[in-house]
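This is final02.csv (CSV, C-alpha atoms).
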chain,number,residue,atom,x,y,z
A,1,MET,CA,-120.4,9.1,243.2
A,2,ILE,CA,-122.7,12.1,242.5
A,3,GLN,CA,-124.6,11.4,245.7
A,4,LEU,CA,-121.3,11.3,247.7
A,5,ALA,CA,-120.2,14.6,246.1
A,6,SER,CA,-123.5,16.3,246.9
A,7,LEU,CA,-123.5,14.9,250.4
A,8,GLY,CA,-120.0,16.2,251.0
A,9,GLN,CA,-121.2,19.6,249.9
A,10,GLN,CA,-124.2,19.5,252.3
A,11,ILE,CA,-122.0,18.6,255.2
A,12,ALA,CA,-119.5,21.3,254.3
A,13,ASP,CA,-122.3,23.8,254.1
A,14,SER,CA,-123.7,22.7,257.5
A,15,LEU,CA,-120.3,22.8,259.2
A,16,LYS,CA,-119.5,26.1,257.5
A,17,GLU,CA,-122.7,27.7,258.9
A,18,GLN,CA,-121.9,26.5,262.4
A,19,ILE,CA,-118.4,28.0,262.1
A,20,LEU,CA,-119.8,31.3,260.7
A,21,ASP,CA,-122.4,31.7,263.3
A,22,GLY,CA,-120.0,30.9,266.2
A,23,THR,CA,-121.6,27.6,267.2
A,24,LEU,CA,-118.2,26.0,266.4
A,25,ALA,CA,-115.6,28.3,268.0
A,26,PRO,CA,-112.1,29.1,266.7
A,27,GLY,CA,-109.7,26.4,267.8
A,28,GLN,CA,-112.4,23.9,268.6
A,29,GLN,CA,-111.8,20.3,267.4
A,30,ILE,CA,-114.2,18.8,264.9
A,31,SER,CA,-114.5,15.0,265.2
A,32,ILE,CA,-114.9,13.4,261.8
A,33,ALA,CA,-116.3,10.2,263.4
A,34,GLU,CA,-118.9,12.3,265.4
A,35,VAL,CA,-120.1,14.2,262.3
A,36,ALA,CA,-120.4,10.9,260.4
A,37,LYS,CA,-122.4,9.4,263.2
A,38,HIS,CA,-124.7,12.4,263.4
A,39,TRP,CA,-125.4,12.2,259.7
A,40,GLY,CA,-125.6,8.4,259.7
A,41,ILE,CA,-123.0,8.0,257.0
A,42,SER,CA,-119.4,6.8,256.4
A,43,VAL,CA,-116.5,9.1,257.1
A,44,THR,CA,-115.7,9.5,253.3
A,45,PRO,CA,-118.1,12.4,252.5
A,46,VAL,CA,-117.2,14.1,255.9
A,47,ARG,CA,-113.5,14.0,254.8
A,48,ASP,CA,-114.5,15.5,251.5
A,49,ALA,CA,-116.4,18.3,253.4
A,50,ILE,CA,-113.3,19.0,255.6
A,51,MET,CA,-111.1,19.3,252.5
A,52,ARG,CA,-113.6,21.9,251.1
A,53,LEU,CA,-113.5,23.9,254.3
A,54,GLU,CA,-109.7,23.7,254.5
A,55,SER,CA,-109.4,25.1,251.0
A,56,ILE,CA,-111.3,28.3,252.0
A,57,GLY,CA,-109.4,28.7,255.3
A,58,LEU,CA,-112.2,27.8,257.8
A,59,VAL,CA,-110.5,24.7,259.2
A,60,ARG,CA,-107.0,23.4,259.6
A,61,VAL,CA,-106.0,19.8,259.6
A,62,ALA,CA,-103.2,18.9,262.0
A,63,PRO,CA,-101.5,15.6,261.1
A,64,ARG,CA,-102.0,13.0,263.8
A,65,ARG,CA,-104.0,15.5,265.9
A,66,GLY,CA,-107.2,16.0,264.0
A,67,VAL,CA,-109.3,18.8,262.5
A,68,PHE,CA,-109.7,22.2,264.1
A,69,VAL,CA,-111.7,25.3,263.4
A,70,ALA,CA,-109.2,27.9,262.2
A,71,GLU,CA,-108.2,30.7,264.5
A,72,CYS,CA,-108.2,34.2,263.2
A,73,ASP,CA,-105.3,36.5,264.0
A,74,ARG,CA,-105.0,40.2,263.3
A,75,ARG,CA,-102.5,39.8,260.4
A,76,THR,CA,-104.6,37.2,258.6
A,77,PHE,CA,-107.8,39.2,258.9
A,78,LYS,CA,-106.1,42.4,257.7
A,79,GLY,CA,-104.7,40.6,254.6
A,80,ILE,CA,-108.1,39.0,253.7
A,81,PHE,CA,-110.0,42.3,254.3
A,82,GLU,CA,-107.7,44.4,252.1
A,83,VAL,CA,-108.2,42.0,249.2
A,84,ARG,CA,-111.9,42.1,249.8
A,85,MET,CA,-111.9,45.9,249.7
A,86,ALA,CA,-110.2,46.0,246.3
A,87,LEU,CA,-112.5,43.3,244.9
A,88,GLU,CA,-115.8,44.7,246.3
A,89,CYS,CA,-115.1,48.2,245.1
A,90,LEU,CA,-114.6,46.7,241.6
A,91,ALA,CA,-117.8,44.7,242.0
A,92,VAL,CA,-120.0,47.7,242.9
A,93,GLU,CA,-119.1,49.4,239.7
A,94,SER,CA,-120.0,46.3,237.7
A,95,ALA,CA,-123.3,45.9,239.7
A,96,ALA,CA,-124.5,49.5,239.8
A,97,GLN,CA,-126.4,49.5,236.6
A,98,GLN,CA,-127.7,45.9,236.9
A,99,ILE,CA,-129.6,46.1,240.2
A,100,SER,CA,-133.3,46.6,239.6
A,101,ALA,CA,-135.3,49.5,241.0
A,102,GLY,CA,-137.4,47.0,242.9
A,103,GLU,CA,-134.4,45.4,244.6
A,104,LEU,CA,-133.0,48.8,245.6
A,105,ARG,CA,-136.3,49.9,247.0
A,106,ARG,CA,-136.6,46.7,249.0
A,107,VAL,CA,-133.1,47.0,250.5
A,108,LEU,CA,-133.6,50.7,251.2
A,109,ALA,CA,-137.0,50.0,253.0
A,110,ILE,CA,-135.3,47.3,255.1
A,111,TYR,CA,-132.5,49.5,256.2
A,112,ARG,CA,-135.0,52.4,257.0
A,113,GLU,CA,-137.1,49.9,259.0
A,114,ALA,CA,-133.9,48.7,260.9
A,115,ARG,CA,-133.1,52.4,261.8
A,116,LEU,CA,-136.7,53.1,262.9
A,117,ARG,CA,-136.8,49.9,265.1
A,118,LEU,CA,-133.4,50.8,266.6
A,119,ARG,CA,-134.4,54.4,267.4
A,120,ARG,CA,-137.9,53.6,268.5
A,121,ASP,CA,-137.6,50.3,270.4
A,122,GLY,CA,-133.8,49.7,270.7
A,123,ASP,CA,-134.3,46.6,268.6
A,124,ARG,CA,-130.9,45.5,267.3
A,125,ALA,CA,-131.9,42.0,266.2
A,126,PHE,CA,-133.6,43.2,262.9
A,127,MET,CA,-130.6,45.4,262.1
A,128,ILE,CA,-128.1,42.6,262.7
A,129,ARG,CA,-130.1,40.1,260.7
A,130,HIS,CA,-130.0,42.3,257.6
A,131,ASP,CA,-126.6,43.8,258.1
A,132,HIS,CA,-125.0,42.2,255.1
A,133,LEU,CA,-127.8,42.9,252.7
A,134,VAL,CA,-126.2,45.6,250.5
A,135,HIS,CA,-123.0,43.5,250.2
A,136,GLU,CA,-125.1,40.5,249.0
A,137,LEU,CA,-126.9,42.8,246.6
A,138,ILE,CA,-123.6,43.9,245.0
A,139,LEU,CA,-122.3,40.4,244.8
A,140,ASN,CA,-125.5,39.0,243.3
A,141,HIS,CA,-125.4,41.6,240.5
A,142,CYS,CA,-121.7,41.6,239.7
A,143,GLU,CA,-121.3,40.5,236.1
A,144,ASN,CA,-117.7,39.1,236.6
A,145,ASP,CA,-118.1,35.5,237.6
A,146,ARG,CA,-114.5,35.0,238.6
A,147,LEU,CA,-114.6,38.0,240.8
A,148,LYS,CA,-117.9,36.7,242.3
A,149,ARG,CA,-116.4,33.3,243.2
A,150,THR,CA,-113.3,34.9,244.8
A,151,MET,CA,-115.5,37.3,246.8
A,152,GLU,CA,-117.8,34.5,248.0
A,153,ASP,CA,-114.9,32.7,249.6
A,154,LEU,CA,-113.6,35.9,251.1
A,155,GLY,CA,-117.1,36.7,252.2
A,156,ASP,CA,-117.3,33.5,254.3
A,157,LEU,CA,-114.0,34.3,256.0
A,158,ASN,CA,-115.1,37.9,256.6
A,159,ARG,CA,-118.5,36.9,258.1
A,160,TRP,CA,-116.8,34.4,260.4
A,161,VAL,CA,-114.3,37.0,261.7
A,162,ARG,CA,-117.0,39.6,262.2
A,163,CYS,CA,-119.0,37.0,264.3
A,164,VAL,CA,-115.9,36.2,266.4
A,165,VAL,CA,-114.4,39.7,266.7
A,166,ILE,CA,-116.4,42.8,265.6
A,167,ALA,CA,-119.6,41.8,267.4
A,168,ARG,CA,-117.7,42.5,270.6
A,169,ARG,CA,-117.9,46.2,269.7
A,170,GLY,CA,-121.4,47.2,270.9
A,171,ASP,CA,-121.9,50.0,268.3
A,172,SER,CA,-120.4,48.4,265.2
A,173,TYR,CA,-123.7,47.5,263.6
A,174,GLU,CA,-125.3,50.9,264.3
A,175,LYS,CA,-122.3,52.6,262.6
A,176,ALA,CA,-122.4,50.2,259.6
A,177,LEU,CA,-126.2,50.8,259.2
A,178,GLU,CA,-125.7,54.5,258.4
A,179,GLU,CA,-122.8,53.6,256.1
A,180,HIS,CA,-124.9,51.0,254.3
A,181,LEU,CA,-127.7,53.6,253.7
A,182,ARG,CA,-125.1,55.9,252.0
A,183,ILE,CA,-124.1,53.1,249.7
A,184,VAL,CA,-127.7,52.3,248.8
A,185,ARG,CA,-128.5,56.0,248.1
A,186,GLY,CA,-125.6,56.1,245.6
A,187,LEU,CA,-126.9,53.0,243.9
A,188,CYS,CA,-130.5,54.4,243.9
A,189,ARG,CA,-129.1,57.5,242.0
A,190,ARG,CA,-127.3,55.1,239.5
A,191,ASP,CA,-124.1,56.9,240.6
A,192,ALA,CA,-121.5,54.2,240.5
A,193,SER,CA,-118.8,56.6,241.6
A,194,ALA,CA,-120.7,57.8,244.7
A,195,ALA,CA,-121.6,54.2,245.5
A,196,ARG,CA,-118.0,53.1,245.2
A,197,SER,CA,-116.8,56.0,247.4
A,198,ALA,CA,-119.4,55.2,250.1
A,199,LEU,CA,-118.5,51.5,250.0
A,200,GLU,CA,-114.8,52.2,250.2
A,201,ALA,CA,-115.3,54.5,253.2
A,202,HIS,CA,-117.6,51.9,254.9
A,203,LEU,CA,-115.0,49.1,254.3
A,204,ARG,CA,-112.1,51.2,255.7
A,205,ASN,CA,-114.2,52.0,258.7
A,206,SER,CA,-115.1,48.3,259.2
A,207,LEU,CA,-111.5,47.4,258.9
A,208,ASP,CA,-110.6,49.9,261.6
A,209,ARG,CA,-113.4,48.8,263.9
A,210,THR,CA,-112.4,45.2,263.6
A,211,LEU,CA,-108.7,45.8,264.1
A,212,ARG,CA,-109.5,47.7,267.3
A,213,ALA,CA,-111.7,44.8,268.4
A,214,PHE,CA,-108.7,42.5,267.8
A,215,ASN,CA,-106.8,44.8,270.2
A,216,GLY,CA,-109.3,43.8,272.9
A,217,GLU,CA,-111.6,46.9,273.0
A,218,SER,CA,-115.0,45.9,274.5
A,219,SER,CA,-115.9,42.3,275.4
A,220,GLN,CA,-119.4,41.2,274.8
A,221,THR,CA,-120.2,37.6,273.8
A,222,PRO,CA,-120.2,37.5,269.9
A,223,THR,CA,-123.7,37.2,268.3
A,224,GLY,CA,-124.4,33.5,267.6
A,225,ALA,CA,-121.8,32.2,270.0
A,226,GLN,CA,-124.1,32.5,273.0
A,227,GLY,CA,-125.0,29.3,274.8
A,228,GLY,CA,-121.5,27.7,274.6
A,229,ARG,CA,-120.0,25.3,272.1
A,230,ARG,CA,-122.2,22.7,270.4
A,231,SER,CA,-121.7,20.2,267.5
A,232,ALA,CA,-125.2,20.4,265.8
A,233,VAL,CA,-125.8,20.5,262.0
A,234,GLU,CA,-127.6,23.3,260.2
A,235,ARG,CA,-128.6,24.2,256.6
A,236,PRO,CA,-127.7,26.9,253.9
A,237,THR,CA,-129.7,29.8,252.2
A,238,ALA,CA,-130.0,32.0,248.9
A,239,GLU,CA,-131.1,35.4,247.4
A,240,PRO,CA,-133.1,36.8,244.4
A,241,SER,CA,-132.5,39.3,241.5
A,242,ASP,CA,-134.3,41.8,238.9
A,243,ARG,CA,-133.4,44.8,236.4
A,244,LYS,CA,-132.7,48.7,236.2
A,245,LYS,CA,-133.5,52.6,236.2
A,246,GLY,CA,-133.3,55.4,238.8
A,247,VAL,CA,-134.9,54.8,242.2
A,248,LYS,CA,-136.4,57.4,244.5
A,249,THR,CA,-134.3,57.7,247.7
A,250,GLU,CA,-134.6,59.5,251.0
A,251,LYS,CA,-133.5,63.1,251.5
A,252,GLN,CA,-131.5,62.7,254.7

Do you think you could lay out the structure here as structure tokens?
Amino acid sequence: MIQLASLGQQIADSLKEQILDGTLAPGQQISIAEVAKHWGISVTPVRDAIMRLESIGLVRVAPRRGVFVAECDRRTFKGIFEVRMALECLAVESAAQQISAGELRRVLAIYREARLRLRRDGDRAFMIRHDHLVHELILNHCENDRLKRTMEDLGDLNRWVRCVVIARRGDSYEKALEEHLRIVRGLCRRDASAARSALEAHLRNSLDRTLRAFNGESSQTPTGAQGGRRSAVERPTAEPSDRKKGVKTEKQ
């Protein structure tokens, strides 16, 4: 029973990662039999995985038709994002004094490196890979467990929509990078109010950019969705933590 439960979670994590990175596209059908065959197991833990994904809104189960990756519409995204804005602004106040100087220096250094690579070499890959770092830092150090769990589920939905929609706007990550730096500077000064204001401005801008992308502005292939649809199986990841005190930040 324990093995089945953990196997169901592994399959859910694998399918979730494929949905989040665009390998499984919105509206694409997921074959329970095919997934079970790929893993060499019965359909029971696959059904368990599908139930988990349905509960967080990443798939929909259509009676007598099958399982499909959920499709994101403008109204659904706006509702999810507005809830996320309220929760994450609460979370940053909780986390501001808990994040260690070492962690803040690490994130600041990564964002500076991303900006340097972008300006010097036009390298966007490094920036995109670390785009969500400050949000993960806030979530990891938020002391309200219930708030954390709710944000984790919303975070999955938000990451998925960004992959599908916002990546079509060529400059979205560049704009977010400067906004992320402002949030980190506020955290480095141990100024919860400044960090919250910078975060709120960033999230409002992100919402605006994404809604404009929903309206069809710009049309590049979303990051991660290149190469067409597949039905492979991937694995999950995690992050660290530390303690406190003021951190030296950049002037600019």

Could you build a table of the residues in segment 26-114 of chain A lying no more than 9 Å from segment 121-131 of chain A, giving for each the nearest pair of atoms and their separation in Å rounded to one decimal place, using only C-alpha atoms, ordered by chain and ascending residue number, as a Markdown table?
| residue | atom | partner | partner_atom | distance |
| --- | --- | --- | --- | --- |
| A:Ile110 | CA | A:His130 | CA | 7.7 |
| A:Tyr111 | CA | A:Met127 | CA | 7.4 |
| A:Glu113 | CA | A:Met127 | CA | 8.5 |
| A:Ala114 | CA | A:Met127 | CA | 4.8 |

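The space separating atom CA of Arg106 of chain A from atom CA of Leu133 of chain A comes to 10.3 Å.
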
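Atom CA of Leu20 of chain A to atom CA of Leu157 of chain A spans 8.0 Å [interatomic distance, one decimal].
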
Compute the distance from (-125.0, 52.9, 255.2) to each atom, counting all atoms listed in the file, keep the residues with any atom at most 10 Å away, and return them as a tab-separated table (two decimals) with C-alpha atoms, in the coordinates of the input; use the coordinates of the file.
chain	number	residue	atom	x	y	z
A	108	LEU	CA	-133.60	50.70	251.20
A	111	TYR	CA	-132.50	49.50	256.20
A	131	ASP	CA	-126.60	43.80	258.10
A	134	VAL	CA	-126.20	45.60	250.50
A	174	GLU	CA	-125.30	50.90	264.30
A	175	LYS	CA	-122.30	52.60	262.60
A	176	ALA	CA	-122.40	50.20	259.60
A	177	LEU	CA	-126.20	50.80	259.20
A	178	GLU	CA	-125.70	54.50	258.40
A	179	GLU	CA	-122.80	53.60	256.10
A	180	HIS	CA	-124.90	51.00	254.30
A	181	LEU	CA	-127.70	53.60	253.70
A	182	ARG	CA	-125.10	55.90	252.00
A	183	ILE	CA	-124.10	53.10	249.70
A	184	VAL	CA	-127.70	52.30	248.80
A	185	ARG	CA	-128.50	56.00	248.10
A	198	ALA	CA	-119.40	55.20	250.10
A	199	LEU	CA	-118.50	51.50	250.00
A	202	HIS	CA	-117.60	51.90	254.90

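With all atoms listed in the file as the atoms that count, the minimum distance from Asp153 of chain A to the choices A:Leu24, A:Ile80, A:Ile19, A:Ala70 is reached by A:Ile80.
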
One decimal place gives the atom CA of Cys163 of chain A-atom CA of Glu200 of chain A separation as 21.2 Å

Closest of A:Leu211, A:Leu154, A:Leu7, A:Leu137 to Val92 of chain A, counting only C-alpha atoms, is A:Leu137

Measuring atom to atom with all atoms listed in the file, identify which of A:Asp191, A:Glu143, A:Glu136, A:Glu82 is nearest to Asp208 of chain A. A:Glu82

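Here the question is which of A:Val83, A:Met151, A:Ala12, A:Ile50 gets nearest to Phe68 of chain A using only C-alpha atoms, and that residue is A:Ile50.
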